[in-house]
Amino acid sequence: MSLLDRLGLGRPDLRAWAMYDWANSAFQTTIIAAVFPIYYQKVAAADLPEALAMSRFAWATTLAILIVAIVAPILGAIADYTAIKKRLLGIFIAIGASATAAMFWIQRGDWSLALVLFVIGNIGVAGSIVFYESLLPHLVGEDQLDRVSSAGYAIGYLGGGMLLAINLLMIQKPELFGIPDAGTGTRLALASVAVWWVVFSIPLFRRVPEPAVRRELDERPGASALTGGVTRLMETLKELRRYRDAFVFLLAFLLYNDGIQTMIRMATIYGTGIGLPESAMIAALLLTQFIGVPCAFLFGMAASRTGARTGVFVGLGVYILITLLGYFMRTAAHFYALAVLVGMVQGGTQALSRSLFASMIPRHKSSEFFAFFSVFERYAGVLGPAIFAFVIERSGSGRAAILAVAVFFVVGAAILTFVNVERGRAAARAAEADLRPVS
């Protein structure tokens with residue numbers, strides 16, 4: 001077995017699929033985690049009280065996630081019924097990249113414009129990921145899911161980290177790029193995400209095939225895309241009890257991913273609120289990205305021996321420690337230490353969650369099920385920032401809010417103990433036994 005095979009990147013289509021993680025991770029790092037939150041807090045919302053600015057940012061995040069959670073299942077069912085996963089992926093990329101490019105025009109006091117574009121960009125990236133992830137179970141068998149999923153996250157860390165490093169130079173050393181000042185450099189950094197996102201999405205559209213449609217024997221063939229998609233979605237909702245372990249996993253994922261997403265989205269806002277230097281926070285997030293590359297690959301390779309569920313448990317244990325340490329964080333050195341710990345487990349935990357779920361769903365309904373995966377993931381993101389905002393409004397400080405995140409990891413891990421992975425995989429394969437191809 002070659003090195004690329006061991007890493008989950010042995011075929012051109014797998015490498016092209018993983019490159020979309022590279023492409024969209026620029027949004028995750030520069031827009032969600034690092035540059036935009038600080039620019040929003042210090043420039044766009046500079047005329048607002050600090051706590052109010054932080055609260056509005058959290059509520060905007062909640063709104064974006066809620067919108068995707070509502071529309072994703074319907075679009076996912078339509079994509080499975082009519083084989084338009086890649087087309088819908090492209091539409092959401094166009095929506096998100098357009099909003100991101102428009103961030104160049106955000107100036108001091110434009111907090112409402114900033115939040116509108118942030119919401120639209122989040123809708124674009126979150127919607128695109130539904131259809132990107134739904135392609136995974138069509139590319140490889142169960143024995144390779146963990147490696148390929150982890151490879152995607154590792155490549156994503158590398159891509160997101162590279163652009164963040166370039167963006168950091170654009171902001172701190174604008175003269176190297178012929179940029180007049182740091183403010184212009186920051187706005188160009190935000191817009192650069194749109195270019196990166198679109199350009200590095202191209203390999204997926206060129207190399208990864210659209211999965212063929214396969215329908216159940218009793219499914220009505222003549223229905224329109226909307227009617228057939230919605231009908232299939234309703235049937236899948238009724239059938240969820242048939243996939244009991246996949247459903248219980250989603251409940252666990254709903255909770256522990258709430259903690260992960262809240263930490264990703266609120267880290268720099270929290271750090272800004274307690275007075276940490278901007279440069280230290282961005283550098284720490286950059287450190288997280290590059291530590292995440294080898295660690296994500298290691299999680300994928302280890303899962304082939306220990307199982308994906310065990311790997312997720314390890315990640316959640318480290319996250320509990322991170323939230324406890326975060327409560328006592330005072331200095332940039334503390335932020336760096338937490339960044340190292342996050343980098344060690346973030347990509348691996350999320351990658352193994354994705355591959356574990358992919359192994360327990362019927363492949364002919366992958367978009368529907370990954371839409372549910374997205375719903376549970378995004379509703380998790382609704383609850384965390386909302387609680388974060390609520391606690392800040394009541395206490396005037398983010399420390400109590402960051403400590404509360406530990407509850408999500410503890411309860412999520414407890415529910416995960418009830419998931420029987422082998423039974424879940426057997427149910428999914430049984431559902432695939434009686435299918436007919438669609439000409």
# chains A, B, ... in the order shown; residues from 1 in each chain; ligands from 1
call {"tool": "residues_around", "arguments": {"residues": "Arg6 of chain A", "least_positions_apart": "4", "cutoff": "10 Å", "atoms": "only C-alpha atoms", "output": "ChimeraX atom specification"}}
result
/A:1-2,10,144,147-148,151,297,300-301
call {"tool": "residues_around", "arguments": {"residues": "Phe205 of chain A", "least_positions_apart": "2", "cutoff": "10 Å", "atoms": "only C-alpha atoms", "output": "PDB file with C-alpha atoms, in the first residue's frame"}}
result
ATOM      1  CA  ASP A  13     -11.197  11.529  -7.295  1.00  0.00           C
ATOM      2  CA  ALA A  16     -10.261  16.145  -5.697  1.00  0.00           C
ATOM      3  CA  TRP A  17     -12.968  15.490  -3.087  1.00  0.00           C
ATOM      4  CA  TYR A  20     -13.044  20.972  -1.206  1.00  0.00           C
ATOM      5  CA  LYS A  86     -22.922  18.818  -7.451  1.00  0.00           C
ATOM      6  CA  ARG A  87     -25.280  21.417  -8.940  1.00  0.00           C
ATOM      7  CA  LEU A  89     -23.070  22.386  -4.174  1.00  0.00           C
ATOM      8  CA  GLY A  90     -22.162  24.922  -6.858  1.00  0.00           C
ATOM      9  CA  SER A 201     -13.490  23.920  -5.634  1.00  0.00           C
ATOM     10  CA  ILE A 202     -12.824  23.291  -9.331  1.00  0.00           C
ATOM     11  CA  PRO A 203     -11.094  19.859  -8.921  1.00  0.00           C
ATOM     12  CA  ARG A 207     -12.957  14.742 -11.033  1.00  0.00           C
ATOM     13  CA  VAL A 208     -15.745  13.572  -8.723  1.00  0.00           C
ATOM     14  CA  PRO A 209     -18.707  11.990 -10.555  1.00  0.00           C
ATOM     15  CA  GLU A 210     -22.314  12.683  -9.700  1.00  0.00           C
TER      16      GLU A 210
END
call {"tool": "select_by_dssp", "arguments": {"residues": "segment 78-323 of chain A", "states": "alpha helix (DSSP H)", "output": "MDAnalysis selection string"}}
result
chainID A and resid 78:82 85:102 111:134 136:139 142:172 182:199 202:207 225:239 244:273 278:306 308:323
call {"tool": "closest_residue", "arguments": {"among": "A:Ala165, A:Phe253, A:Ser304, A:Thr288", "to": "Ala414 of chain A", "atoms": "only C-alpha atoms"}}
result
A:Phe253
call {"tool": "closest_residue", "arguments": {"among": "A:Ala351, A:Leu163, A:Met54, A:Leu204", "to": "Ala296 of chain A", "atoms": "only C-alpha atoms"}}
result
A:Ala351
call {"tool": "closest_residue", "arguments": {"among": "A:Tyr132, A:Phe372, A:Trp22, A:Trp111", "to": "Ala46 of chain A", "atoms": "only C-alpha atoms"}}
result
A:Trp111
call {"tool": "atom_distance", "arguments": {"atom1": "atom CA of Ala404 of chain A", "atom2": "atom CA of Gly311 of chain A"}}
result
23.4 Å
call {"tool": "atom_distance", "arguments": {"atom1": "atom CA of Leu190 of chain A", "atom2": "atom CA of Ser98 of chain A"}}
result
11.6 Å
call {"tool": "atom_distance", "arguments": {"atom1": "atom CA of Lys173 of chain A", "atom2": "atom CA of Arg187 of chain A"}}
result
13.9 Å
call {"tool": "closest_residue", "arguments": {"among": "A:Leu188, A:Met162, A:Leu321, A:Ile91", "to": "Leu287 of chain A", "atoms": "only C-alpha atoms"}}
result
A:Met162
call {"tool": "decode", "arguments": {"residues": "segment 56-89 of chain A", "atoms": "N, CA and C atoms", "output": "PDB file, in the first residue's frame"}}
result
ATOM      1  N   ARG A  56     -24.703  40.496  19.518  1.00  0.00           N
ATOM      2  CA  ARG A  56     -25.274  40.539  18.171  1.00  0.00           C
ATOM      3  C   ARG A  56     -24.547  39.588  17.234  1.00  0.00           C
ATOM      4  N   PHE A  57     -23.248  39.459  17.408  1.00  0.00           N
ATOM      5  CA  PHE A  57     -22.483  38.508  16.600  1.00  0.00           C
ATOM      6  C   PHE A  57     -22.974  37.083  16.860  1.00  0.00           C
ATOM      7  N   ALA A  58     -23.189  36.748  18.118  1.00  0.00           N
ATOM      8  CA  ALA A  58     -23.663  35.404  18.466  1.00  0.00           C
ATOM      9  C   ALA A  58     -25.054  35.136  17.903  1.00  0.00           C
ATOM     10  N   TRP A  59     -25.951  36.142  17.983  1.00  0.00           N
ATOM     11  CA  TRP A  59     -27.300  35.952  17.450  1.00  0.00           C
ATOM     12  C   TRP A  59     -27.300  35.841  15.930  1.00  0.00           C
ATOM     13  N   ALA A  60     -26.400  36.574  15.255  1.00  0.00           N
ATOM     14  CA  ALA A  60     -26.289  36.450  13.797  1.00  0.00           C
ATOM     15  C   ALA A  60     -25.841  35.047  13.414  1.00  0.00           C
ATOM     16  N   THR A  61     -24.906  34.501  14.174  1.00  0.00           N
ATOM     17  CA  THR A  61     -24.465  33.128  13.946  1.00  0.00           C
ATOM     18  C   THR A  61     -25.635  32.162  14.104  1.00  0.00           C
ATOM     19  N   THR A  62     -26.441  32.383  15.130  1.00  0.00           N
ATOM     20  CA  THR A  62     -27.610  31.544  15.371  1.00  0.00           C
ATOM     21  C   THR A  62     -28.587  31.595  14.198  1.00  0.00           C
ATOM     22  N   LEU A  63     -28.850  32.782  13.666  1.00  0.00           N
ATOM     23  CA  LEU A  63     -29.786  32.942  12.560  1.00  0.00           C
ATOM     24  C   LEU A  63     -29.308  32.206  11.317  1.00  0.00           C
ATOM     25  N   ALA A  64     -28.034  32.344  10.994  1.00  0.00           N
ATOM     26  CA  ALA A  64     -27.492  31.685   9.798  1.00  0.00           C
ATOM     27  C   ALA A  64     -27.650  30.175   9.889  1.00  0.00           C
ATOM     28  N   ILE A  65     -27.324  29.641  11.030  1.00  0.00           N
ATOM     29  CA  ILE A  65     -27.385  28.194  11.220  1.00  0.00           C
ATOM     30  C   ILE A  65     -28.832  27.707  11.176  1.00  0.00           C
ATOM     31  N   LEU A  66     -29.744  28.480  11.730  1.00  0.00           N
ATOM     32  CA  LEU A  66     -31.161  28.110  11.748  1.00  0.00           C
ATOM     33  C   LEU A  66     -31.719  28.028  10.330  1.00  0.00           C
ATOM     34  N   ILE A  67     -31.352  28.979   9.471  1.00  0.00           N
ATOM     35  CA  ILE A  67     -31.839  28.980   8.093  1.00  0.00           C
ATOM     36  C   ILE A  67     -31.391  27.721   7.360  1.00  0.00           C
ATOM     37  N   VAL A  68     -30.113  27.371   7.492  1.00  0.00           N
ATOM     38  CA  VAL A  68     -29.602  26.171   6.826  1.00  0.00           C
ATOM     39  C   VAL A  68     -30.284  24.920   7.365  1.00  0.00           C
ATOM     40  N   ALA A  69     -30.499  24.886   8.670  1.00  0.00           N
ATOM     41  CA  ALA A  69     -31.131  23.725   9.279  1.00  0.00           C
ATOM     42  C   ALA A  69     -32.541  23.486   8.752  1.00  0.00           C
ATOM     43  N   ILE A  70     -33.231  24.558   8.360  1.00  0.00           N
ATOM     44  CA  ILE A  70     -34.595  24.433   7.848  1.00  0.00           C
ATOM     45  C   ILE A  70     -34.614  23.938   6.407  1.00  0.00           C
ATOM     46  N   VAL A  71     -33.744  24.502   5.555  1.00  0.00           N
ATOM     47  CA  VAL A  71     -33.824  24.198   4.113  1.00  0.00           C
ATOM     48  C   VAL A  71     -33.008  22.979   3.698  1.00  0.00           C
ATOM     49  N   ALA A  72     -31.979  22.613   4.459  1.00  0.00           N
ATOM     50  CA  ALA A  72     -31.071  21.546   4.032  1.00  0.00           C
ATOM     51  C   ALA A  72     -31.754  20.188   3.823  1.00  0.00           C
ATOM     52  N   PRO A  73     -32.626  19.729   4.728  1.00  0.00           N
ATOM     53  CA  PRO A  73     -33.234  18.408   4.507  1.00  0.00           C
ATOM     54  C   PRO A  73     -34.044  18.316   3.221  1.00  0.00           C
ATOM     55  N   ILE A  74     -34.796  19.364   2.888  1.00  0.00           N
ATOM     56  CA  ILE A  74     -35.597  19.335   1.660  1.00  0.00           C
ATOM     57  C   ILE A  74     -34.695  19.297   0.438  1.00  0.00           C
ATOM     58  N   LEU A  75     -33.659  20.156   0.415  1.00  0.00           N
ATOM     59  CA  LEU A  75     -32.737  20.169  -0.710  1.00  0.00           C
ATOM     60  C   LEU A  75     -31.974  18.845  -0.812  1.00  0.00           C
ATOM     61  N   GLY A  76     -31.639  18.259   0.336  1.00  0.00           N
ATOM     62  CA  GLY A  76     -30.945  16.978   0.327  1.00  0.00           C
ATOM     63  C   GLY A  76     -31.786  15.876  -0.286  1.00  0.00           C
ATOM     64  N   ALA A  77     -33.068  15.844   0.050  1.00  0.00           N
ATOM     65  CA  ALA A  77     -33.958  14.833  -0.520  1.00  0.00           C
ATOM     66  C   ALA A  77     -34.116  15.018  -2.023  1.00  0.00           C
ATOM     67  N   ILE A  78     -34.221  16.270  -2.467  1.00  0.00           N
ATOM     68  CA  ILE A  78     -34.324  16.540  -3.900  1.00  0.00           C
ATOM     69  C   ILE A  78     -33.052  16.098  -4.615  1.00  0.00           C
ATOM     70  N   ALA A  79     -31.891  16.355  -4.006  1.00  0.00           N
ATOM     71  CA  ALA A  79     -30.617  15.978  -4.623  1.00  0.00           C
ATOM     72  C   ALA A  79     -30.508  14.468  -4.788  1.00  0.00           C
ATOM     73  N   ASP A  80     -30.995  13.703  -3.820  1.00  0.00           N
ATOM     74  CA  ASP A  80     -30.966  12.246  -3.934  1.00  0.00           C
ATOM     75  C   ASP A  80     -31.937  11.753  -5.000  1.00  0.00           C
ATOM     76  N   TYR A  81     -33.075  12.400  -5.115  1.00  0.00           N
ATOM     77  CA  TYR A  81     -34.116  11.950  -6.043  1.00  0.00           C
ATOM     78  C   TYR A  81     -33.744  12.243  -7.492  1.00  0.00           C
ATOM     79  N   THR A  82     -33.027  13.340  -7.723  1.00  0.00           N
ATOM     80  CA  THR A  82     -32.756  13.774  -9.097  1.00  0.00           C
ATOM     81  C   THR A  82     -31.269  13.822  -9.460  1.00  0.00           C
ATOM     82  N   ALA A  83     -30.393  13.437  -8.568  1.00  0.00           N
ATOM     83  CA  ALA A  83     -28.947  13.426  -8.838  1.00  0.00           C
ATOM     84  C   ALA A  83     -28.422  14.805  -9.204  1.00  0.00           C
ATOM     85  N   ILE A  84     -28.601  15.773  -8.288  1.00  0.00           N
ATOM     86  CA  ILE A  84     -28.082  17.122  -8.527  1.00  0.00           C
ATOM     87  C   ILE A  84     -27.234  17.593  -7.338  1.00  0.00           C
ATOM     88  N   LYS A  85     -26.544  16.674  -6.711  1.00  0.00           N
ATOM     89  CA  LYS A  85     -25.697  17.041  -5.570  1.00  0.00           C
ATOM     90  C   LYS A  85     -24.678  18.106  -5.957  1.00  0.00           C
ATOM     91  N   LYS A  86     -23.968  17.886  -7.050  1.00  0.00           N
ATOM     92  CA  LYS A  86     -22.922  18.818  -7.451  1.00  0.00           C
ATOM     93  C   LYS A  86     -23.496  20.156  -7.900  1.00  0.00           C
ATOM     94  N   ARG A  87     -24.661  20.154  -8.516  1.00  0.00           N
ATOM     95  CA  ARG A  87     -25.280  21.417  -8.940  1.00  0.00           C
ATOM     96  C   ARG A  87     -25.653  22.269  -7.727  1.00  0.00           C
ATOM     97  N   LEU A  88     -26.256  21.645  -6.719  1.00  0.00           N
ATOM     98  CA  LEU A  88     -26.613  22.388  -5.515  1.00  0.00           C
ATOM     99  C   LEU A  88     -25.368  22.828  -4.752  1.00  0.00           C
ATOM    100  N   LEU A  89     -24.340  21.990  -4.767  1.00  0.00           N
ATOM    101  CA  LEU A  89     -23.070  22.386  -4.174  1.00  0.00           C
ATOM    102  C   LEU A  89     -22.566  23.675  -4.813  1.00  0.00           C
TER     103      LEU A  89
END
